[in-house]
>>> print(open('coords23.pdb').read())   # PDB, C-alpha atoms
MODEL        1
ATOM      1  CA  MET H 206      21.854 -17.696   7.487
ATOM      2  CA  SER H 207      23.269 -21.207   7.035
ATOM      3  CA  VAL H 208      22.555 -23.438   4.048
ATOM      4  CA  LYS H 209      20.459 -25.787   6.206
ATOM      5  CA  GLU H 210      18.330 -22.894   7.472
ATOM      6  CA  ARG H 211      17.788 -21.691   3.911
ATOM      7  CA  ILE H 212      16.661 -25.164   2.893
ATOM      8  CA  ARG H 213      14.228 -25.323   5.803
ATOM      9  CA  LEU H 214      12.719 -21.979   4.765
ATOM     10  CA  LEU H 215      12.473 -23.089   1.139
ATOM     11  CA  ALA H 216      10.839 -26.350   2.170
ATOM     12  CA  ARG H 217       8.312 -24.444   4.255
ATOM     13  CA  ASP H 218       7.437 -22.207   1.306
ATOM     14  CA  LEU H 219       6.950 -25.256  -0.937
ATOM     15  CA  THR H 220       4.209 -26.789   1.225
ATOM     16  CA  SER H 221       1.550 -25.070  -0.891
ATOM     17  CA  LEU H 222       1.152 -23.901  -4.466
ATOM     18  CA  GLU H 223      -1.004 -21.011  -5.674
ATOM     19  CA  ILE H 224      -2.101 -20.542  -9.298
ATOM     20  CA  ASN H 225      -3.949 -17.364 -10.295
ATOM     21  CA  THR H 226      -5.677 -16.383 -13.539
ATOM     22  CA  ILE H 227      -5.762 -12.593 -13.719
ATOM     23  CA  ARG H 228      -7.621 -10.044 -15.835
ATOM     24  CA  ARG H 229      -5.589  -7.096 -17.069
ATOM     25  CA  GLY H 230      -6.367  -4.374 -19.594
ATOM     26  CA  SER H 231      -2.838  -4.302 -21.061
ATOM     27  CA  ILE H 232       0.449  -6.161 -20.629
ATOM     28  CA  THR H 233       3.831  -4.430 -20.570
ATOM     29  CA  GLY H 234       5.858  -7.647 -20.522
ATOM     30  CA  GLU H 235       8.476  -6.230 -18.152
ATOM     31  CA  SER H 236      10.009  -8.194 -15.314
ATOM     32  CA  MET H 237      10.318  -6.874 -11.778
ATOM     33  CA  PRO H 238      13.039  -4.176 -11.474
ATOM     34  CA  ASP H 239      15.361  -3.861  -8.486
ATOM     35  CA  PRO H 240      13.540  -3.734  -5.129
ATOM     36  CA  ARG H 241      13.700   0.043  -4.669
ATOM     37  CA  HIS H 242      12.083   0.632  -8.065
ATOM     38  CA  ALA H 243       9.582  -2.164  -7.372
ATOM     39  CA  LEU H 244       8.490  -0.479  -4.126
ATOM     40  CA  PHE H 245       8.115   2.801  -6.036
ATOM     41  CA  ASP H 246       5.964   1.035  -8.661
ATOM     42  CA  VAL H 247       3.718  -0.606  -6.057
ATOM     43  CA  ALA H 248       3.187   2.613  -4.088
ATOM     44  CA  SER H 249       2.406   4.619  -7.240
ATOM     45  CA  GLU H 250      -0.110   2.056  -8.499
ATOM     46  CA  TYR H 251      -1.795   1.698  -5.110
ATOM     47  CA  ASN H 252      -2.052   5.477  -4.735
ATOM     48  CA  ALA H 253      -3.567   5.939  -8.195
ATOM     49  CA  GLU H 254      -6.188   3.267  -7.486
ATOM     50  CA  LEU H 255      -7.082   4.746  -4.100
ATOM     51  CA  ASN H 256      -7.465   8.196  -5.682
ATOM     52  CA  ARG H 257      -9.856   6.607  -8.168
ATOM     53  CA  LEU H 258     -11.814   4.653  -5.551
ATOM     54  CA  LEU H 259     -12.054   7.625  -3.183
ATOM     55  CA  ARG H 260     -12.593  10.311  -5.826
ATOM     56  CA  ASP H 261     -16.011  11.257  -4.408
ATOM     57  CA  ASP H 262     -15.210  10.398  -0.802
ATOM     58  CA  CYS H 263     -17.135  12.342   1.840
ATOM     59  CA  ARG H 264     -16.309  12.062   5.543
ATOM     60  CA  VAL H 265     -19.424  12.002   7.742
ATOM     61  CA  VAL H 266     -18.940  12.256  11.496
ATOM     62  CA  ALA H 267     -21.461  12.999  14.238
ATOM     63  CA  GLY H 268     -21.334  13.816  17.926
ATOM     64  CA  GLY H 269     -24.313  14.705  20.082
ATOM     65  CA  ARG H 270     -26.723  16.545  17.808
ATOM     66  CA  THR H 271     -24.046  17.899  15.412
ATOM     67  CA  GLU H 272     -23.153  16.236  12.128
ATOM     68  CA  LEU H 273     -20.211  17.184   9.890
ATOM     69  CA  ARG H 274     -19.935  16.280   6.212
ATOM     70  CA  CYS H 275     -16.444  17.039   4.897
ATOM     71  CA  ARG H 276     -15.109  16.822   1.362
ATOM     72  CA  PHE H 277     -11.954  18.025  -0.456
ATOM     73  CA  SER H 278     -12.498  20.321  -3.438
ATOM     74  CA  GLN H 279     -10.117  18.258  -5.622
ATOM     75  CA  PRO H 280      -9.507  14.506  -5.911
ATOM     76  CA  ALA H 281      -5.754  14.919  -5.226
ATOM     77  CA  TYR H 282      -3.070  17.497  -4.452
ATOM     78  CA  THR H 283       0.680  18.001  -4.828
ATOM     79  CA  ALA H 284       3.010  19.185  -2.055
ATOM     80  CA  GLY H 285       3.043  22.986  -2.126
ATOM     81  CA  ASP H 286      -0.559  23.283  -3.365
ATOM     82  CA  GLU H 287      -3.327  25.410  -1.926
ATOM     83  CA  GLY H 288      -6.598  23.561  -1.365
ATOM     84  CA  LEU H 289     -10.134  23.890  -0.093
ATOM     85  CA  VAL H 290     -12.163  21.642   2.147
ATOM     86  CA  GLU H 291     -15.950  21.888   2.129
ATOM     87  CA  VAL H 292     -17.582  21.429   5.538
ATOM     88  CA  ARG H 293     -21.341  21.109   6.013
ATOM     89  CA  VAL H 294     -22.556  21.526   9.581
ATOM     90  CA  SER H 295     -26.056  20.421  10.524
ATOM     91  CA  ASP H 296     -28.142  19.647  13.562
ATOM     92  CA  VAL H 297     -29.695  16.175  13.413
ATOM     93  CA  GLU H 298     -33.085  17.710  14.280
ATOM     94  CA  ALA H 299     -32.961  21.360  13.192
ATOM     95  CA  GLY H 300     -31.045  20.905   9.915
ATOM     96  CA  ALA H 301     -28.364  23.227   8.465
ATOM     97  CA  GLN H 302     -26.467  25.333  11.000
ATOM     98  CA  GLY H 303     -25.937  28.712   9.350
ATOM     99  CA  GLY H 304     -23.207  30.773  11.007
ATOM    100  CA  ALA H 305     -21.601  27.801  12.755
ATOM    101  CA  ALA H 306     -17.865  28.295  13.397
ATOM    102  CA  VAL H 307     -15.504  25.830  11.692
ATOM    103  CA  VAL H 308     -11.777  25.502  12.483
ATOM    104  CA  VAL H 309      -9.270  23.763  10.180
ATOM    105  CA  ARG H 310      -5.697  22.925  11.188
ATOM    106  CA  THR H 311      -2.993  21.390   8.976
ATOM    107  CA  CYS H 312      -1.178  18.419  10.547
ATOM    108  CA  PRO H 313       2.226  17.420   9.100
ATOM    109  CA  ALA H 314       2.951  13.775   8.327
ATOM    110  CA  PRO H 315       4.058  11.615  11.263
ATOM    111  CA  VAL H 316       7.765  11.099  11.915
ATOM    112  CA  PHE H 317       9.117   7.535  11.955
ATOM    113  CA  ALA H 318      12.376   7.102  13.818
ATOM    114  CA  ALA H 319      14.279   4.130  15.193
ATOM    115  CA  THR H 320      14.385   3.777  18.942
ATOM    116  CA  THR H 321      15.520   1.164  21.423
ATOM    117  CA  ALA H 322      12.849  -0.406  23.585
ATOM    118  CA  ARG H 323      12.392  -3.511  25.653
ATOM    119  CA  GLY H 324      12.889  -6.455  23.339
ATOM    120  CA  GLY H 325      15.231  -4.667  20.939
ATOM    121  CA  ALA H 326      15.130  -1.919  18.336
ATOM    122  CA  ARG H 327      11.840  -0.781  16.830
ATOM    123  CA  VAL H 328      10.435   2.147  14.864
ATOM    124  CA  ALA H 329       8.429   4.691  16.855
ATOM    125  CA  ARG H 330       5.862   7.105  15.437
ATOM    126  CA  THR H 331       5.620  10.745  16.533
ATOM    127  CA  ASP H 332       2.815  13.071  15.404
ATOM    128  CA  PRO H 333       4.040  16.686  15.066
ATOM    129  CA  ALA H 334       1.873  19.508  16.396
ATOM    130  CA  PRO H 335      -0.562  21.079  13.898
ATOM    131  CA  ARG H 336       0.731  24.104  12.012
ATOM    132  CA  GLY H 337      -1.508  27.089  11.417
ATOM    133  CA  GLN H 338      -5.236  27.434  11.975
ATOM    134  CA  VAL H 339      -8.008  28.850   9.800
ATOM    135  CA  GLN H 340     -11.453  29.672  11.115
ATOM    136  CA  ALA H 341     -14.584  30.536   9.139
ATOM    137  CA  ALA H 342     -18.351  30.728   9.624
ATOM    138  CA  CYS H 343     -20.841  28.666   7.647
ATOM    139  CA  ASP H 344     -23.201  30.428   5.253
ATOM    140  CA  ALA H 345     -26.971  30.251   5.586
ATOM    141  CA  SER H 346     -27.001  26.702   4.176
ATOM    142  CA  GLY H 347     -24.505  25.516   6.803
ATOM    143  CA  VAL H 348     -21.582  25.271   4.367
ATOM    144  CA  ALA H 349     -18.036  26.632   4.782
ATOM    145  CA  ASN H 350     -15.243  26.340   2.187
ATOM    146  CA  ILE H 351     -12.011  26.673   4.126
ATOM    147  CA  PRO H 352      -8.533  26.982   2.557
ATOM    148  CA  PHE H 353      -5.489  25.001   3.645
ATOM    149  CA  SER H 354      -1.857  25.005   2.482
ATOM    150  CA  LEU H 355       0.571  22.176   1.851
ATOM    151  CA  ALA H 356       4.286  22.759   2.375
ATOM    152  CA  GLU H 357       6.777  21.949  -0.388
ATOM    153  CA  ASP H 358       8.333  19.235   1.780
ATOM    154  CA  ASP H 359       5.076  17.664   3.020
ATOM    155  CA  LEU H 360       5.240  13.870   2.989
ATOM    156  CA  PRO H 361       2.420  11.354   2.494
ATOM    157  CA  GLY H 362       0.384  11.357   5.666
ATOM    158  CA  VAL H 363      -0.200  15.115   5.906
ATOM    159  CA  ALA H 364      -3.736  15.660   7.169
ATOM    160  CA  ILE H 365      -6.204  18.359   8.082
ATOM    161  CA  GLU H 366      -8.080  18.466  11.370
ATOM    162  CA  ILE H 367     -11.630  19.839  11.234
ATOM    163  CA  GLU H 368     -13.603  20.985  14.263
ATOM    164  CA  ALA H 369     -17.113  22.406  14.537
ATOM    165  CA  GLY H 370     -19.906  22.219  17.099
ATOM    166  CA  GLY H 371     -17.770  20.193  19.494
ATOM    167  CA  VAL H 372     -17.153  17.504  16.816
ATOM    168  CA  ARG H 373     -13.647  16.872  15.511
ATOM    169  CA  THR H 374     -12.304  14.701  12.687
ATOM    170  CA  ARG H 375      -9.029  14.272  10.794
ATOM    171  CA  MET H 376      -8.734  13.608   7.059
ATOM    172  CA  LEU H 377      -5.620  12.548   5.147
ATOM    173  CA  VAL H 378      -4.916  14.855   2.213
ATOM    174  CA  PRO H 379      -4.986  12.779  -1.034
ATOM    175  CA  LEU H 380      -1.748  13.214  -2.991
ATOM    176  CA  ARG H 381      -1.260  12.830  -6.749
ATOM    177  CA  LYS H 382       2.116  11.145  -6.443
ATOM    178  CA  VAL H 383       3.907   9.162  -3.764
ATOM    179  CA  ARG H 384       7.287   7.431  -3.583
ATOM    180  CA  GLY H 385       7.899   3.882  -2.435
ATOM    181  CA  SER H 386       8.796   5.119   1.048
ATOM    182  CA  LEU H 387       7.931   4.158   4.602
ATOM    183  CA  HIS H 388       5.689   7.245   4.864
ATOM    184  CA  ALA H 389       3.889   6.306   1.649
ATOM    185  CA  PHE H 390       3.022   2.767   2.736
ATOM    186  CA  HIS H 391       1.717   3.870   6.147
ATOM    187  CA  TYR H 392      -0.330   6.545   4.344
ATOM    188  CA  LEU H 393      -1.707   4.014   1.835
ATOM    189  CA  ASN H 394      -2.556   1.557   4.608
ATOM    190  CA  VAL H 395      -4.662   4.151   6.465
ATOM    191  CA  ARG H 396      -6.400   5.381   3.300
ATOM    192  CA  ALA H 397      -7.237   1.838   2.200
ATOM    193  CA  ASN H 398      -8.561   1.048   5.663
ATOM    194  CA  GLU H 399     -10.958   3.982   5.281
ATOM    195  CA  ALA H 400     -12.111   2.765   1.841
ATOM    196  CA  GLY H 401     -13.975  -0.330   3.018
ATOM    197  CA  ASP H 402     -17.292   0.822   1.502
ATOM    198  CA  CYS H 403     -15.853   1.640  -1.919
ATOM    199  CA  ALA H 404     -16.869   0.016  -5.210
ATOM    200  CA  GLN H 405     -14.054  -2.574  -5.018
ATOM    201  CA  PRO H 406     -13.625  -3.575  -1.362
ATOM    202  CA  TRP H 407     -11.408  -6.538  -2.307
ATOM    203  CA  LEU H 408      -8.885  -4.115  -3.843
ATOM    204  CA  ALA H 409      -8.959  -1.789  -0.845
ATOM    205  CA  ARG H 410      -8.356  -4.794   1.410
ATOM    206  CA  ARG H 411      -5.374  -5.941  -0.682
ATOM    207  CA  ILE H 412      -3.828  -2.464  -0.622
ATOM    208  CA  GLU H 413      -4.396  -2.206   3.135
ATOM    209  CA  LEU H 414      -2.688  -5.519   3.931
ATOM    210  CA  ASN H 415       0.187  -5.247   1.471
ATOM    211  CA  SER H 416       0.959  -1.631   2.397
ATOM    212  CA  ILE H 417       1.477  -2.437   6.071
ATOM    213  CA  ARG H 418       3.441  -5.544   5.077
ATOM    214  CA  LEU H 419       5.835  -3.449   2.979
ATOM    215  CA  ALA H 420       6.039  -0.735   5.652
ATOM    216  CA  THR H 421       7.020  -3.366   8.208
ATOM    217  CA  LEU H 422       9.610  -4.712   5.774
ATOM    218  CA  LEU H 423      11.238  -1.266   5.450
ATOM    219  CA  GLU H 424      11.196  -0.792   9.214
ATOM    220  CA  THR H 425      13.381  -3.878   9.646
ATOM    221  CA  ILE H 426      16.046  -2.851   7.106
ATOM    222  CA  GLU H 427      18.989  -0.713   8.133
ATOM    223  CA  PRO H 428      19.851   2.235   5.851
ATOM    224  CA  PRO H 429      23.213   2.438   4.058
ATOM    225  CA  GLY H 430      24.589   4.463   7.007
ATOM    226  CA  GLY H 431      23.568   1.764   9.474
ATOM    227  CA  LYS H 432      21.405   3.937  11.775
ATOM    228  CA  GLY H 433      17.642   3.709  12.065
ATOM    229  CA  CYS H 434      15.635   2.104   9.273
ATOM    230  CA  ASP H 435      15.721   2.408   5.492
ATOM    231  CA  GLN H 436      12.789   4.721   4.692
ATOM    232  CA  ASN H 437      13.470   4.464   0.926
ATOM    233  CA  ASP H 438      12.471   8.104   0.413
ATOM    234  CA  TYR H 439      14.022   8.597  -3.033
ATOM    235  CA  SER H 440      12.727  10.087  -6.254
ATOM    236  CA  ARG H 441      12.694   8.033  -9.436
ATOM    237  CA  ARG H 442      15.471  10.226 -10.837
ATOM    238  CA  HIS H 443      17.583   9.541  -7.765
ATOM    239  CA  LEU H 444      16.976   5.785  -8.050
ATOM    240  CA  ASN H 445      18.150   5.927 -11.673
ATOM    241  CA  GLY H 446      21.529   7.260 -10.561
ATOM    242  CA  ALA H 447      21.221  11.048 -10.794
ATOM    243  CA  ALA H 448      22.697  12.702  -7.708
ATOM    244  CA  GLU H 449      20.292  14.869  -5.705
ATOM    245  CA  ARG H 450      21.034  17.801  -3.431
ATOM    246  CA  ASP H 451      19.480  17.617   0.026
ATOM    247  CA  GLY H 452      20.320  20.990   1.552
ATOM    248  CA  ASP H 453      24.131  21.186   1.513
ATOM    249  CA  GLU H 454      24.526  17.439   1.029
ATOM    250  CA  VAL H 455      24.642  15.712  -2.347
ATOM    251  CA  ARG H 456      23.013  12.297  -2.222
ATOM    252  CA  GLU H 457      24.320   9.651  -4.597
ATOM    253  CA  LYS H 458      22.364   6.662  -5.915
ATOM    254  CA  PRO H 459      21.285   4.584  -2.891
ATOM    255  CA  ALA H 460      22.725   1.154  -2.220
ATOM    256  CA  ASP H 461      20.627  -1.924  -2.931
ATOM    257  CA  LEU H 462      18.063  -2.929  -0.336
ATOM    258  CA  LYS H 463      19.264  -5.741   1.930
ATOM    259  CA  LEU H 464      16.325  -8.084   1.366
ATOM    260  CA  SER H 465      16.222 -11.703   2.440
ATOM    261  CA  THR H 466      15.157 -14.310  -0.116
ATOM    262  CA  THR H 467      11.736 -14.570   1.540
ATOM    263  CA  ASP H 468      11.203 -10.792   1.487
ATOM    264  CA  ARG H 469      12.266 -10.593  -2.149
ATOM    265  CA  VAL H 470       9.753 -13.299  -3.106
ATOM    266  CA  THR H 471       7.020 -11.474  -1.156
ATOM    267  CA  LEU H 472       7.815  -8.189  -2.906
ATOM    268  CA  ARG H 473       7.865  -9.885  -6.318
ATOM    269  CA  LYS H 474       4.411 -11.383  -5.791
ATOM    270  CA  ILE H 475       2.991  -8.041  -4.605
ATOM    271  CA  TRP H 476       4.574  -6.249  -7.579
ATOM    272  CA  GLU H 477       3.344  -8.809 -10.122
ATOM    273  CA  LEU H 478      -0.218  -8.888  -8.793
ATOM    274  CA  GLY H 479      -0.505  -5.103  -8.475
ATOM    275  CA  CYS H 480      -4.150  -4.012  -8.532
ATOM    276  CA  GLU H 481      -5.315  -6.618 -11.017
ATOM    277  CA  GLU H 482      -8.425  -8.689 -10.487
ATOM    278  CA  ILE H 483      -8.033 -12.421  -9.863
ATOM    279  CA  LEU H 484     -10.695 -14.335 -11.823
ATOM    280  CA  MET H 485      -9.674 -17.863 -10.831
ATOM    281  CA  GLN H 486      -7.418 -19.184  -8.083
ATOM    282  CA  THR H 487      -6.325 -22.709  -7.216
ATOM    283  CA  LEU H 488      -4.467 -23.625  -4.030
ATOM    284  CA  VAL H 489      -2.734 -27.004  -3.840
ATOM    285  CA  GLN H 490      -1.513 -28.260  -0.457
ATOM    286  CA  LEU H 491       1.245 -30.792   0.029
ATOM    287  CA  ASP H 492      -1.197 -33.158   1.803
ATOM    288  CA  GLY H 493      -3.353 -33.327  -1.350
ATOM    289  CA  ASP H 494      -6.025 -30.724  -0.554
ATOM    290  CA  VAL H 495      -7.009 -28.638  -3.588
ATOM    291  CA  VAL H 496      -9.170 -25.498  -3.373
ATOM    292  CA  THR H 497     -10.354 -23.613  -6.480
ATOM    293  CA  ARG H 498     -12.089 -20.240  -6.248
ATOM    294  CA  LEU H 499     -14.011 -18.521  -9.055
ATOM    295  CA  THR H 500     -15.357 -14.992  -9.320
ATOM    296  CA  ASP H 501     -18.788 -14.419 -10.827
ATOM    297  CA  ASP H 502     -17.176 -13.750 -14.221
ATOM    298  CA  GLY H 503     -15.117 -16.930 -13.963
ATOM    299  CA  ALA H 504     -18.193 -19.020 -13.094
ATOM    300  CA  ARG H 505     -20.123 -18.114 -16.252
ATOM    301  CA  GLU H 506     -20.591 -20.670 -19.001
ATOM    302  CA  GLU H 507     -18.982 -18.413 -21.621
ATOM    303  CA  ALA H 508     -15.741 -18.439 -19.606
ATOM    304  CA  SER H 509     -14.725 -21.830 -21.026
ATOM    305  CA  THR H 510     -11.563 -20.423 -22.645
ATOM    306  CA  MET H 511     -10.542 -18.968 -19.306
ATOM    307  CA  HIS H 512     -11.157 -22.349 -17.651
ATOM    308  CA  ARG H 513      -8.918 -24.122 -20.175
ATOM    309  CA  LEU H 514      -6.118 -21.595 -19.657
ATOM    310  CA  HIS H 515      -6.397 -21.935 -15.883
ATOM    311  CA  SER H 516      -6.470 -25.739 -16.024
ATOM    312  CA  GLU H 517      -3.356 -25.803 -18.209
ATOM    313  CA  GLY H 518      -1.624 -23.440 -15.793
ATOM    314  CA  VAL H 519      -2.506 -25.706 -12.858
ATOM    315  CA  ARG H 520      -1.201 -28.765 -14.734
ATOM    316  CA  VAL H 521       2.148 -27.158 -15.638
ATOM    317  CA  ALA H 522       2.590 -25.645 -12.178
ATOM    318  CA  THR H 523       1.890 -28.883 -10.304
ATOM    319  CA  GLN H 524       4.306 -30.837 -12.513
ATOM    320  CA  SER H 525       7.079 -28.290 -11.938
ATOM    321  CA  TRP H 526       6.250 -28.168  -8.228
ATOM    322  CA  ARG H 527       6.507 -31.950  -7.893
ATOM    323  CA  HIS H 528       9.895 -32.039  -9.646
ATOM    324  CA  LEU H 529      11.162 -29.169  -7.464
ATOM    325  CA  VAL H 530       9.998 -30.846  -4.243
ATOM    326  CA  ASP H 531      11.583 -34.153  -5.281
ATOM    327  CA  SER H 532      14.872 -32.441  -6.158
ATOM    328  CA  LEU H 533      14.925 -30.457  -2.925
ATOM    329  CA  GLY H 534      14.186 -33.598  -0.912
ATOM    330  CA  SER H 535      17.048 -35.490  -2.540
ATOM    331  CA  PHE H 536      19.452 -32.602  -2.010
ATOM    332  CA  ALA H 537      18.385 -32.147   1.621
ATOM    333  CA  ARG H 538      18.815 -35.836   2.407
ATOM    334  CA  SER H 539      22.323 -35.884   0.989
ATOM    335  CA  LEU H 540      23.224 -32.656   2.828
ATOM    336  CA  PHE H 541      21.921 -33.687   6.242
ATOM    337  CA  GLN H 542      23.452 -37.162   5.928
TER
ENDMDL
END
>>> encode(input="coords23.pdb", output="structure tokens")
Amino acid sequence: MSVKERIRLLARDLTSLEINTIRRGSITGESMPDPRHALFDVASEYNAELNRLLRDDCRVVAGGRTELRCRFSQPAYTAGDEGLVEVRVSDVEAGAQGGAAVVVRTCPAPVFAATTARGGARVARTDPAPRGQVQAACDASGVANIPFSLAEDDLPGVAIEIEAGGVRTRMLVPLRKVRGSLHAFHYLNVRANEAGDCAQPWLARRIELNSIRLATLLETIEPPGGKGCDQNDYSRRHLNGAAERDGDEVREKPADLKLSTTDRVTLRKIWELGCEEILMQTLVQLDGDVVTRLTDDGAREEASTMHRLHSEGVRVATQSWRHLVDSLGSFARSLFQ
């Protein structure tokens, strides 16, 4: 990218200014690490919050006169675990369906691989065939607790398929830990999309949007070998420089991600905001429009200290923004002339 193109991109990004006042229970004071670690941090935090929001999640699906209510026995699992899924089968008119047959199949995580299509390279998704099948009959109350197994190498996105009474549904298995990988962000996007009715819908929406944004970012980056896309599927130990054995191959510390300046800024904002609640937000446009948003907590009279802090932040940010825009304009004029 040429210097002039970089300046155009920077000028575009400077057309608006956003100032947020955020509530957080504790402050670590650390700055953003390298991008691979930052992606790991974001995925881990998003996953922990989704496990909290969906702790008591129950999938309800109906078809014809049959209704299924499905729930995992634990809030989260680790690859290699054995688990149980509780399935309640009922007739919308007759009630519980004692003796109803329930089938559970385990579906491995999808495979993401680079392919060449019309318009250039892209990443295609393939869903492997289900592995194994367990069948059980409901007890007199219409309930069946059916076991399922996770493989040691199962990736985020492993799911179970449940079928009873002609009704079928698929549920993602909640995992305790995820890496900052392509699989993890697709998995988090789908889970957040299913959490729209949770206690904090604004957080689920943020996780949904940012997860697919980061997944798309990884899909566009070539891996160190130059084939396919960089799935960033590394453990924290591996990212810290300890070599890992993958079958007969020893993997060394991965090379830095090839992020553009714009992508790095996007990742930094996502990492800094995390899952924290924004209490006050002010947007300043280059044409003079100013929009300030307040949450219910920020709109209370006793939030005067918060208002002063936010106002001071807006004042300092707008002054710095004006100086930066003036400096960039002077530099651009001299360069283009």
>>> closest_residue(input="coords23.pdb", among="H:Val328, H:Ala284, H:Leu380, H:Ala409", to="Glu481 in chain H", atoms="only C-alpha atoms")
H:Ala409
>>> resolve_selection(input="coords23.pdb", expression="the PyMOL selection byres ((chain H and resi 288-293) around 6)", output="VMD selection string")
chain H and resid 273 to 278 287 294 347 to 353
>>> resolve_selection(input="coords23.pdb", expression="the PyMOL selection byres ((chain H and resi 502) around 12)", output="list of chain:residue names")
H:Thr226, H:Ile227, H:Arg228, H:Glu482, H:Ile483, H:Leu484, H:Met485, H:Arg498, H:Leu499, H:Thr500, H:Asp501, H:Gly503, H:Ala504, H:Arg505, H:Glu506, H:Glu507, H:Ala508, H:Ser509, H:Met511, H:His512
>>> atom_distance(input="coords23.pdb", atom1="CA of Arg381 in chain H", atom2="CA of Ala281 in chain H")
5.2 Å
>>> resolve_selection(input="coords23.pdb", expression="the PyMOL selection byres ((chain H and resi 301) around 6)", output="PyMOL selection string")
chain H and resi 295+300+302+346-347
>>> closest_residue(input="coords23.pdb", among="H:Ile412, H:Leu360, H:Leu514, H:Ala334", to="Ala400 in chain H", atoms="all atoms listed in the file")
H:Ile412
>>> residues_around(input="coords23.pdb", residues="Ala248 in chain H", least_positions_apart="5", cutoff="7 Å", atoms="only C-alpha atoms", output="PyMOL selection string")
chain H and resi 383-385+389-390
>>> write_last_selection(input="coords23.pdb", atoms="C-alpha atoms", output="mmCIF file, in the frame of the given file")
data_model
loop_
_atom_site.group_PDB
_atom_site.id
_atom_site.type_symbol
_atom_site.label_atom_id
_atom_site.label_comp_id
_atom_site.auth_asym_id
_atom_site.auth_seq_id
_atom_site.Cartn_x
_atom_site.Cartn_y
_atom_site.Cartn_z
ATOM 1 C CA VAL H 383 3.907 9.162 -3.764
ATOM 2 C CA ARG H 384 7.287 7.431 -3.583
ATOM 3 C CA GLY H 385 7.899 3.882 -2.435
ATOM 4 C CA ALA H 389 3.889 6.306 1.649
ATOM 5 C CA PHE H 390 3.022 2.767 2.736
#
>>> atom_distance(input="coords23.pdb", atom1="CA of Gly304 in chain H", atom2="CA of Val363 in chain H")
28.3 Å
>>> atom_distance(input="coords23.pdb", atom1="CA of His443 in chain H", atom2="CA of His242 in chain H")
10.5 Å
>>> closest_residue(input="coords23.pdb", among="H:Ile475, H:Pro429, H:Val519, H:Pro313", to="Glu457 in chain H", atoms="all atoms listed in the file")
H:Pro429
>>> residues_around(input="coords23.pdb", residues="range 417-425 of chain H", least_positions_apart="3", cutoff="7 Å", atoms="all atoms listed in the file", output="PyMOL selection string")
chain H and resi 328+387+390-391+394+413-414+434-436
>>> closest_residue(input="coords23.pdb", among="H:Thr466, H:Asn415, H:Thr487, H:Thr497", to="Ala522 in chain H", atoms="only C-alpha atoms")
H:Thr487
>>> closest_residue(input="coords23.pdb", among="H:Ile224, H:Leu244, H:Ala356, H:Leu491", to="Asn437 in chain H", atoms="all atoms listed in the file")
H:Leu244
>>> residues_around(input="coords23.pdb", residues="Val266 in chain H", least_positions_apart="2", cutoff="10 Å", atoms="all atoms listed in the file", output="list in words")
Cys263, Arg264, Gly268, Thr271, Glu272, Leu273, Arg274, Cys275, Val372, Arg373 and Thr374 of chain H
